[in-house]
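**Student:** Handing you this structure, nothing more for now.
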Amino acid sequence: MENHGIVYRKLGIVDESAFDGLVRLFNQEFEMPDLESVNSQNIKFLLESPHFVCIVALNGDEIVGGITGYELLMYDRPGSAMYLYDLAVAEKNRRQGIGSRLIQELRDYCRHQGIREIFVQADISDGHALAFYKSLGGRPTEVIQYSFESW
């Protein structure tokens with residue numbers, strides 16, 4: 001799984017430090033206020049979950065991109081769907097096909113697992129994300145998301 005010196009790899013249970021690095025990349029690219037915020041306990045738990053997927057793009061030892069997703073088991077039909085939770089590529093590595101390849105890696109994973117659908121949410125104000133997903137053949141569906149506090 002290599003492309004122009006970039007290696008794509010699905011993280012597993014022993015890859016906590018790589019996942020930690022991806023979270024820091026997400027924090028930077030999504031302009032989080034605390035760039036160093038990483039929940040190490042959840043990282044370990046997620047990597048052990050068979051319903052969580054994390055694929056990174058590596059240039060040598062440097063994480064230059066990554067994608068995460070959650071497999072959602074369906075109760076109204078056989079199988080499951082994949083919720084693409086986060087996707088980011090380091091700013092200096094954009095426009096090299098890394099994001100598209102990460103999507104393809106997730107699609108390949110889903111195909112091998114028998115997961116027929118992948119869906120993602122994008123903010124209506126994020127024109128770059130909307131154009132990116134559309135360019136890959138994604139079909140937009142208008143929805144309104146409600147959020148609730150649990151306590």
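In the structure tokens, each chain is lettered A, B, ... as it comes, each chain's residues begin at 1, and ligands are numbered from 1 in order of appearance.
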Would you list the contacts of A:Phe26 as a list in words, taking every protein, DNA or RNA residue within 10 Å and counting only C-alpha atoms, but skipping same-chain residues closer than 3 positions in sequence?
**Tutor:** Asp20, Gly21, Leu22, Val23, Glu29, Phe30, Glu31, Met32, Leu35, Gly65, Gly66, Ile67, Asp86, Leu87, Ala88, Val89 and Ala90 of chain A
**Student:** Any idea what's packed within 9 Å of A:Leu106, counting only C-alpha atoms, ignoring anything in its chain fewer than 5 positions away? Could you give it as JSON, numbers by chain?
**Tutor:** {"A": [53, 54, 55, 67, 68, 69, 84, 101, 111, 118]}
**Student:** List every residue of stretch 9-127 of chain A that DSSP, applied to the backbone of this structure, assigns to strand (DSSP E), and report them as a PyMOL selection string.
**Tutor:** chain A and resi 9-10+52-59+62-73+80-89+117-120
**Student:** Excluding A:Ala122 and any residue of its chain fewer than 2 positions from it, enumerate the residues within 12 Å of it, using only C-alpha atoms, and give them as a list in words.
**Tutor:**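 Listing them by chain and then by number gives Tyr83, Leu84, Tyr85, Asp86, Leu87, Phe119, Val120, Ile124, Ser125, Asp126, Gly127, His128, Ala129, Leu130, Ala131, Phe132, Tyr133, Lys134, Gly138, Pro140, Thr141, Glu142, Val143, Ile144 and Gln145 of chain A.
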**Student:** Return the single residue from A:Tyr8, A:Tyr146, A:Ser80, A:Gly137 that is closest to A:Gly60, with distances computed using only C-alpha atoms.
**Tutor:**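 Comparing A:Tyr8, A:Tyr146, A:Ser80, A:Gly137 against A:Gly60, the winner is A:Tyr8.
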**Student:** Among chain A, which ones does DSSP place in alpha helix (DSSP H), written as a PDB file with N, CA, C and O atoms, in the first residue's frame?
**Tutor:**
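Contents of part_27.pdb, as written:
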ATOM      1  N   GLU A  16      -0.508   2.431  19.448  1.00  0.00           N
ATOM      2  CA  GLU A  16      -1.001   3.558  20.237  1.00  0.00           C
ATOM      3  C   GLU A  16      -0.234   4.849  19.947  1.00  0.00           C
ATOM      4  O   GLU A  16      -0.837   5.916  19.839  1.00  0.00           O
ATOM      5  N   SER A  17       1.073   4.778  19.816  1.00  0.00           N
ATOM      6  CA  SER A  17       1.846   6.011  19.598  1.00  0.00           C
ATOM      7  C   SER A  17       1.556   6.607  18.218  1.00  0.00           C
ATOM      8  O   SER A  17       1.503   7.831  18.073  1.00  0.00           O
ATOM      9  N   ALA A  18       1.335   5.763  17.223  1.00  0.00           N
ATOM     10  CA  ALA A  18       0.981   6.284  15.898  1.00  0.00           C
ATOM     11  C   ALA A  18      -0.388   6.952  15.938  1.00  0.00           C
ATOM     12  O   ALA A  18      -0.586   8.025  15.347  1.00  0.00           O
ATOM     13  N   PHE A  19      -1.333   6.344  16.637  1.00  0.00           N
ATOM     14  CA  PHE A  19      -2.670   6.938  16.754  1.00  0.00           C
ATOM     15  C   PHE A  19      -2.590   8.257  17.522  1.00  0.00           C
ATOM     16  O   PHE A  19      -3.238   9.241  17.168  1.00  0.00           O
ATOM     17  N   ASP A  20      -1.764   8.290  18.545  1.00  0.00           N
ATOM     18  CA  ASP A  20      -1.521   9.516  19.296  1.00  0.00           C
ATOM     19  C   ASP A  20      -1.046  10.614  18.336  1.00  0.00           C
ATOM     20  O   ASP A  20      -1.525  11.752  18.384  1.00  0.00           O
ATOM     21  N   GLY A  21      -0.106  10.277  17.456  1.00  0.00           N
ATOM     22  CA  GLY A  21       0.392  11.245  16.476  1.00  0.00           C
ATOM     23  C   GLY A  21      -0.686  11.709  15.513  1.00  0.00           C
ATOM     24  O   GLY A  21      -0.742  12.888  15.135  1.00  0.00           O
ATOM     25  N   LEU A  22      -1.576  10.792  15.125  1.00  0.00           N
ATOM     26  CA  LEU A  22      -2.674  11.173  14.232  1.00  0.00           C
ATOM     27  C   LEU A  22      -3.631  12.122  14.935  1.00  0.00           C
ATOM     28  O   LEU A  22      -4.089  13.101  14.336  1.00  0.00           O
ATOM     29  N   VAL A  23      -3.932  11.873  16.197  1.00  0.00           N
ATOM     30  CA  VAL A  23      -4.821  12.764  16.940  1.00  0.00           C
ATOM     31  C   VAL A  23      -4.213  14.170  17.002  1.00  0.00           C
ATOM     32  O   VAL A  23      -4.903  15.175  16.829  1.00  0.00           O
ATOM     33  N   ARG A  24      -2.911  14.256  17.201  1.00  0.00           N
ATOM     34  CA  ARG A  24      -2.251  15.568  17.231  1.00  0.00           C
ATOM     35  C   ARG A  24      -2.344  16.258  15.858  1.00  0.00           C
ATOM     36  O   ARG A  24      -2.531  17.480  15.781  1.00  0.00           O
ATOM     37  N   LEU A  25      -2.236  15.472  14.784  1.00  0.00           N
ATOM     38  CA  LEU A  25      -2.411  16.032  13.440  1.00  0.00           C
ATOM     39  C   LEU A  25      -3.847  16.537  13.261  1.00  0.00           C
ATOM     40  O   LEU A  25      -4.063  17.640  12.756  1.00  0.00           O
ATOM     41  N   PHE A  26      -4.830  15.739  13.688  1.00  0.00           N
ATOM     42  CA  PHE A  26      -6.227  16.180  13.640  1.00  0.00           C
ATOM     43  C   PHE A  26      -6.381  17.489  14.410  1.00  0.00           C
ATOM     44  O   PHE A  26      -7.016  18.433  13.927  1.00  0.00           O
ATOM     45  N   ASN A  27      -5.824  17.557  15.625  1.00  0.00           N
ATOM     46  CA  ASN A  27      -5.944  18.764  16.446  1.00  0.00           C
ATOM     47  C   ASN A  27      -5.407  19.981  15.701  1.00  0.00           C
ATOM     48  O   ASN A  27      -6.001  21.057  15.728  1.00  0.00           O
ATOM     49  N   GLN A  28      -4.260  19.819  15.042  1.00  0.00           N
ATOM     50  CA  GLN A  28      -3.657  20.931  14.322  1.00  0.00           C
ATOM     51  C   GLN A  28      -4.481  21.311  13.101  1.00  0.00           C
ATOM     52  O   GLN A  28      -4.782  22.492  12.883  1.00  0.00           O
ATOM     53  N   GLU A  29      -4.859  20.344  12.305  1.00  0.00           N
ATOM     54  CA  GLU A  29      -5.571  20.635  11.062  1.00  0.00           C
ATOM     55  C   GLU A  29      -6.995  21.121  11.304  1.00  0.00           C
ATOM     56  O   GLU A  29      -7.532  21.870  10.493  1.00  0.00           O
ATOM     57  N   SER A  40      -5.389   9.256  25.916  1.00  0.00           N
ATOM     58  CA  SER A  40      -4.660   8.000  25.753  1.00  0.00           C
ATOM     59  C   SER A  40      -5.485   6.782  26.135  1.00  0.00           C
ATOM     60  O   SER A  40      -5.361   5.723  25.519  1.00  0.00           O
ATOM     61  N   GLN A  41      -6.333   6.918  27.149  1.00  0.00           N
ATOM     62  CA  GLN A  41      -7.165   5.784  27.565  1.00  0.00           C
ATOM     63  C   GLN A  41      -8.132   5.397  26.443  1.00  0.00           C
ATOM     64  O   GLN A  41      -8.308   4.218  26.146  1.00  0.00           O
ATOM     65  N   ASN A  42      -8.749   6.385  25.808  1.00  0.00           N
ATOM     66  CA  ASN A  42      -9.664   6.083  24.707  1.00  0.00           C
ATOM     67  C   ASN A  42      -8.934   5.540  23.491  1.00  0.00           C
ATOM     68  O   ASN A  42      -9.470   4.699  22.765  1.00  0.00           O
ATOM     69  N   ILE A  43      -7.722   6.021  23.225  1.00  0.00           N
ATOM     70  CA  ILE A  43      -6.950   5.522  22.091  1.00  0.00           C
ATOM     71  C   ILE A  43      -6.751   4.021  22.212  1.00  0.00           C
ATOM     72  O   ILE A  43      -6.979   3.271  21.268  1.00  0.00           O
ATOM     73  N   LYS A  44      -6.345   3.570  23.371  1.00  0.00           N
ATOM     74  CA  LYS A  44      -6.145   2.132  23.594  1.00  0.00           C
ATOM     75  C   LYS A  44      -7.456   1.372  23.402  1.00  0.00           C
ATOM     76  O   LYS A  44      -7.504   0.358  22.713  1.00  0.00           O
ATOM     77  N   PHE A  45      -8.523   1.873  23.986  1.00  0.00           N
ATOM     78  CA  PHE A  45      -9.839   1.236  23.878  1.00  0.00           C
ATOM     79  C   PHE A  45     -10.279   1.157  22.416  1.00  0.00           C
ATOM     80  O   PHE A  45     -10.760   0.115  21.949  1.00  0.00           O
ATOM     81  N   LEU A  46     -10.135   2.257  21.671  1.00  0.00           N
ATOM     82  CA  LEU A  46     -10.560   2.278  20.277  1.00  0.00           C
ATOM     83  C   LEU A  46      -9.765   1.300  19.422  1.00  0.00           C
ATOM     84  O   LEU A  46     -10.337   0.582  18.599  1.00  0.00           O
ATOM     85  N   LEU A  47      -8.451   1.273  19.606  1.00  0.00           N
ATOM     86  CA  LEU A  47      -7.632   0.367  18.805  1.00  0.00           C
ATOM     87  C   LEU A  47      -7.956  -1.096  19.080  1.00  0.00           C
ATOM     88  O   LEU A  47      -7.727  -1.954  18.226  1.00  0.00           O
ATOM     89  N   GLU A  48      -8.491  -1.389  20.254  1.00  0.00           N
ATOM     90  CA  GLU A  48      -8.884  -2.759  20.588  1.00  0.00           C
ATOM     91  C   GLU A  48     -10.276  -3.106  20.073  1.00  0.00           C
ATOM     92  O   GLU A  48     -10.654  -4.267  20.047  1.00  0.00           O
ATOM     93  N   ILE A  98      -3.396  12.209  -1.299  1.00  0.00           N
ATOM     94  CA  ILE A  98      -3.365  11.434  -0.050  1.00  0.00           C
ATOM     95  C   ILE A  98      -4.773  11.259   0.522  1.00  0.00           C
ATOM     96  O   ILE A  98      -5.156  10.159   0.928  1.00  0.00           O
ATOM     97  N   GLY A  99      -5.561  12.323   0.541  1.00  0.00           N
ATOM     98  CA  GLY A  99      -6.929  12.220   1.055  1.00  0.00           C
ATOM     99  C   GLY A  99      -7.763  11.250   0.229  1.00  0.00           C
ATOM    100  O   GLY A  99      -8.490  10.416   0.777  1.00  0.00           O
ATOM    101  N   SER A 100      -7.648  11.342  -1.084  1.00  0.00           N
ATOM    102  CA  SER A 100      -8.381  10.421  -1.960  1.00  0.00           C
ATOM    103  C   SER A 100      -7.954   8.984  -1.722  1.00  0.00           C
ATOM    104  O   SER A 100      -8.779   8.069  -1.686  1.00  0.00           O
ATOM    105  N   ARG A 101      -6.670   8.795  -1.538  1.00  0.00           N
ATOM    106  CA  ARG A 101      -6.167   7.433  -1.305  1.00  0.00           C
ATOM    107  C   ARG A 101      -6.646   6.907   0.053  1.00  0.00           C
ATOM    108  O   ARG A 101      -6.949   5.717   0.187  1.00  0.00           O
ATOM    109  N   LEU A 102      -6.705   7.761   1.066  1.00  0.00           N
ATOM    110  CA  LEU A 102      -7.222   7.331   2.362  1.00  0.00           C
ATOM    111  C   LEU A 102      -8.680   6.878   2.242  1.00  0.00           C
ATOM    112  O   LEU A 102      -9.065   5.857   2.827  1.00  0.00           O
ATOM    113  N   ILE A 103      -9.469   7.608   1.469  1.00  0.00           N
ATOM    114  CA  ILE A 103     -10.853   7.197   1.229  1.00  0.00           C
ATOM    115  C   ILE A 103     -10.867   5.835   0.534  1.00  0.00           C
ATOM    116  O   ILE A 103     -11.637   4.940   0.901  1.00  0.00           O
ATOM    117  N   GLN A 104     -10.009   5.660  -0.459  1.00  0.00           N
ATOM    118  CA  GLN A 104      -9.955   4.385  -1.175  1.00  0.00           C
ATOM    119  C   GLN A 104      -9.529   3.247  -0.250  1.00  0.00           C
ATOM    120  O   GLN A 104     -10.058   2.137  -0.335  1.00  0.00           O
ATOM    121  N   GLU A 105      -8.586   3.513   0.627  1.00  0.00           N
ATOM    122  CA  GLU A 105      -8.166   2.487   1.595  1.00  0.00           C
ATOM    123  C   GLU A 105      -9.330   2.083   2.493  1.00  0.00           C
ATOM    124  O   GLU A 105      -9.516   0.896   2.778  1.00  0.00           O
ATOM    125  N   LEU A 106     -10.125   3.071   2.932  1.00  0.00           N
ATOM    126  CA  LEU A 106     -11.289   2.761   3.760  1.00  0.00           C
ATOM    127  C   LEU A 106     -12.320   1.982   2.954  1.00  0.00           C
ATOM    128  O   LEU A 106     -12.913   1.023   3.452  1.00  0.00           O
ATOM    129  N   ARG A 107     -12.514   2.360   1.693  1.00  0.00           N
ATOM    130  CA  ARG A 107     -13.455   1.628   0.832  1.00  0.00           C
ATOM    131  C   ARG A 107     -12.998   0.181   0.640  1.00  0.00           C
ATOM    132  O   ARG A 107     -13.823  -0.742   0.687  1.00  0.00           O
ATOM    133  N   ASP A 108     -11.711  -0.006   0.428  1.00  0.00           N
ATOM    134  CA  ASP A 108     -11.173  -1.372   0.272  1.00  0.00           C
ATOM    135  C   ASP A 108     -11.389  -2.188   1.545  1.00  0.00           C
ATOM    136  O   ASP A 108     -11.787  -3.355   1.485  1.00  0.00           O
ATOM    137  N   TYR A 109     -11.114  -1.569   2.694  1.00  0.00           N
ATOM    138  CA  TYR A 109     -11.332  -2.251   3.973  1.00  0.00           C
ATOM    139  C   TYR A 109     -12.799  -2.671   4.090  1.00  0.00           C
ATOM    140  O   TYR A 109     -13.105  -3.815   4.441  1.00  0.00           O
ATOM    141  N   CYS A 110     -13.709  -1.732   3.799  1.00  0.00           N
ATOM    142  CA  CYS A 110     -15.139  -2.027   3.912  1.00  0.00           C
ATOM    143  C   CYS A 110     -15.551  -3.143   2.958  1.00  0.00           C
ATOM    144  O   CYS A 110     -16.317  -4.031   3.331  1.00  0.00           O
ATOM    145  N   ARG A 111     -15.053  -3.108   1.749  1.00  0.00           N
ATOM    146  CA  ARG A 111     -15.380  -4.148   0.780  1.00  0.00           C
ATOM    147  C   ARG A 111     -14.950  -5.521   1.306  1.00  0.00           C
ATOM    148  O   ARG A 111     -15.703  -6.480   1.239  1.00  0.00           O
ATOM    149  N   HIS A 112     -13.749  -5.596   1.877  1.00  0.00           N
ATOM    150  CA  HIS A 112     -13.253  -6.871   2.419  1.00  0.00           C
ATOM    151  C   HIS A 112     -14.052  -7.331   3.635  1.00  0.00           C
ATOM    152  O   HIS A 112     -14.118  -8.521   3.921  1.00  0.00           O
ATOM    153  N   GLN A 113     -14.658  -6.394   4.349  1.00  0.00           N
ATOM    154  CA  GLN A 113     -15.447  -6.721   5.536  1.00  0.00           C
ATOM    155  C   GLN A 113     -16.930  -6.911   5.215  1.00  0.00           C
ATOM    156  O   GLN A 113     -17.713  -7.210   6.114  1.00  0.00           O
ATOM    157  N   GLY A 127     -16.682  24.376   2.421  1.00  0.00           N
ATOM    158  CA  GLY A 127     -16.723  24.185   0.970  1.00  0.00           C
ATOM    159  C   GLY A 127     -15.680  23.217   0.443  1.00  0.00           C
ATOM    160  O   GLY A 127     -15.939  22.466  -0.499  1.00  0.00           O
ATOM    161  N   HIS A 128     -14.489  23.219   1.051  1.00  0.00           N
ATOM    162  CA  HIS A 128     -13.429  22.307   0.604  1.00  0.00           C
ATOM    163  C   HIS A 128     -13.834  20.854   0.822  1.00  0.00           C
ATOM    164  O   HIS A 128     -13.658  20.015  -0.065  1.00  0.00           O
ATOM    165  N   ALA A 129     -14.370  20.560   1.996  1.00  0.00           N
ATOM    166  CA  ALA A 129     -14.794  19.182   2.288  1.00  0.00           C
ATOM    167  C   ALA A 129     -15.937  18.770   1.366  1.00  0.00           C
ATOM    168  O   ALA A 129     -15.945  17.656   0.832  1.00  0.00           O
ATOM    169  N   LEU A 130     -16.907  19.656   1.168  1.00  0.00           N
ATOM    170  CA  LEU A 130     -18.040  19.329   0.300  1.00  0.00           C
ATOM    171  C   LEU A 130     -17.570  19.017  -1.115  1.00  0.00           C
ATOM    172  O   LEU A 130     -18.001  18.028  -1.726  1.00  0.00           O
ATOM    173  N   ALA A 131     -16.690  19.853  -1.644  1.00  0.00           N
ATOM    174  CA  ALA A 131     -16.175  19.635  -3.002  1.00  0.00           C
ATOM    175  C   ALA A 131     -15.348  18.349  -3.078  1.00  0.00           C
ATOM    176  O   ALA A 131     -15.432  17.608  -4.064  1.00  0.00           O
ATOM    177  N   PHE A 132     -14.558  18.074  -2.041  1.00  0.00           N
ATOM    178  CA  PHE A 132     -13.725  16.875  -2.015  1.00  0.00           C
ATOM    179  C   PHE A 132     -14.586  15.617  -2.059  1.00  0.00           C
ATOM    180  O   PHE A 132     -14.373  14.742  -2.900  1.00  0.00           O
ATOM    181  N   TYR A 133     -15.560  15.515  -1.174  1.00  0.00           N
ATOM    182  CA  TYR A 133     -16.395  14.316  -1.134  1.00  0.00           C
ATOM    183  C   TYR A 133     -17.204  14.166  -2.417  1.00  0.00           C
ATOM    184  O   TYR A 133     -17.383  13.055  -2.923  1.00  0.00           O
ATOM    185  N   LYS A 134     -17.675  15.267  -2.974  1.00  0.00           N
ATOM    186  CA  LYS A 134     -18.412  15.205  -4.240  1.00  0.00           C
ATOM    187  C   LYS A 134     -17.503  14.726  -5.368  1.00  0.00           C
ATOM    188  O   LYS A 134     -17.923  13.924  -6.206  1.00  0.00           O
ATOM    189  N   SER A 135     -16.245  15.187  -5.387  1.00  0.00           N
ATOM    190  CA  SER A 135     -15.313  14.795  -6.449  1.00  0.00           C
ATOM    191  C   SER A 135     -15.009  13.298  -6.429  1.00  0.00           C
ATOM    192  O   SER A 135     -14.627  12.731  -7.446  1.00  0.00           O
TER     193      SER A 135
END
**Student:** Using only C-alpha atoms, find the one residue out of A:Ala57, A:Ile63, A:Met74, A:Val38 that sits nearest to A:Lys10.
**Tutor:**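 Among A:Ala57, A:Ile63, A:Met74, A:Val38, it is A:Ala57 that comes nearest to A:Lys10.
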**Student:** Just give me the gap between atom CA of A:Leu73 and atom CA of A:Arg9 in Å, one decimal is fine.
**Tutor:**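 Between atom CA of A:Leu73 and atom CA of A:Arg9 the gap works out to 24.0 Å.
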**Student:** Would you mind listing what lies within 6 Å of A:Glu71 as a PyMOL selection string, with only C-alpha atoms counted and same-chain residues fewer than 5 positions away left out?
**Tutor:** chain A and resi 51+81-82
**Student:** For the selection just defined, write its residues with all heavy atoms to a file, as a short mmCIF file (atom, residue, chain, number, x, y, z; two decimals), in the first residue's frame.
**Tutor:**
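Listed below is the output, selection18.cif:
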data_model
loop_
_atom_site.label_atom_id
_atom_site.label_comp_id
_atom_site.auth_asym_id
_atom_site.auth_seq_id
_atom_site.Cartn_x
_atom_site.Cartn_y
_atom_site.Cartn_z
N HIS A 51 -14.89 -2.57 15.88
CA HIS A 51 -15.80 -1.70 15.14
C HIS A 51 -15.21 -0.31 14.88
O HIS A 51 -15.94 0.59 14.45
CB HIS A 51 -17.14 -1.59 15.86
CG HIS A 51 -17.80 -2.91 16.05
ND1 HIS A 51 -18.26 -3.67 14.99
CD2 HIS A 51 -18.03 -3.66 17.15
CE1 HIS A 51 -18.76 -4.79 15.45
NE2 HIS A 51 -18.62 -4.82 16.76
N ALA A 81 -22.82 -0.39 8.34
CA ALA A 81 -22.40 0.77 7.57
C ALA A 81 -21.19 1.36 8.28
O ALA A 81 -21.00 1.17 9.48
CB ALA A 81 -23.53 1.79 7.49
N MET A 82 -20.38 2.08 7.55
CA MET A 82 -19.20 2.72 8.12
C MET A 82 -19.44 4.22 8.18
O MET A 82 -19.78 4.86 7.18
CB MET A 82 -17.97 2.44 7.26
CG MET A 82 -16.68 3.04 7.78
SD MET A 82 -16.10 2.38 9.36
CE MET A 82 -15.70 0.70 8.92
#
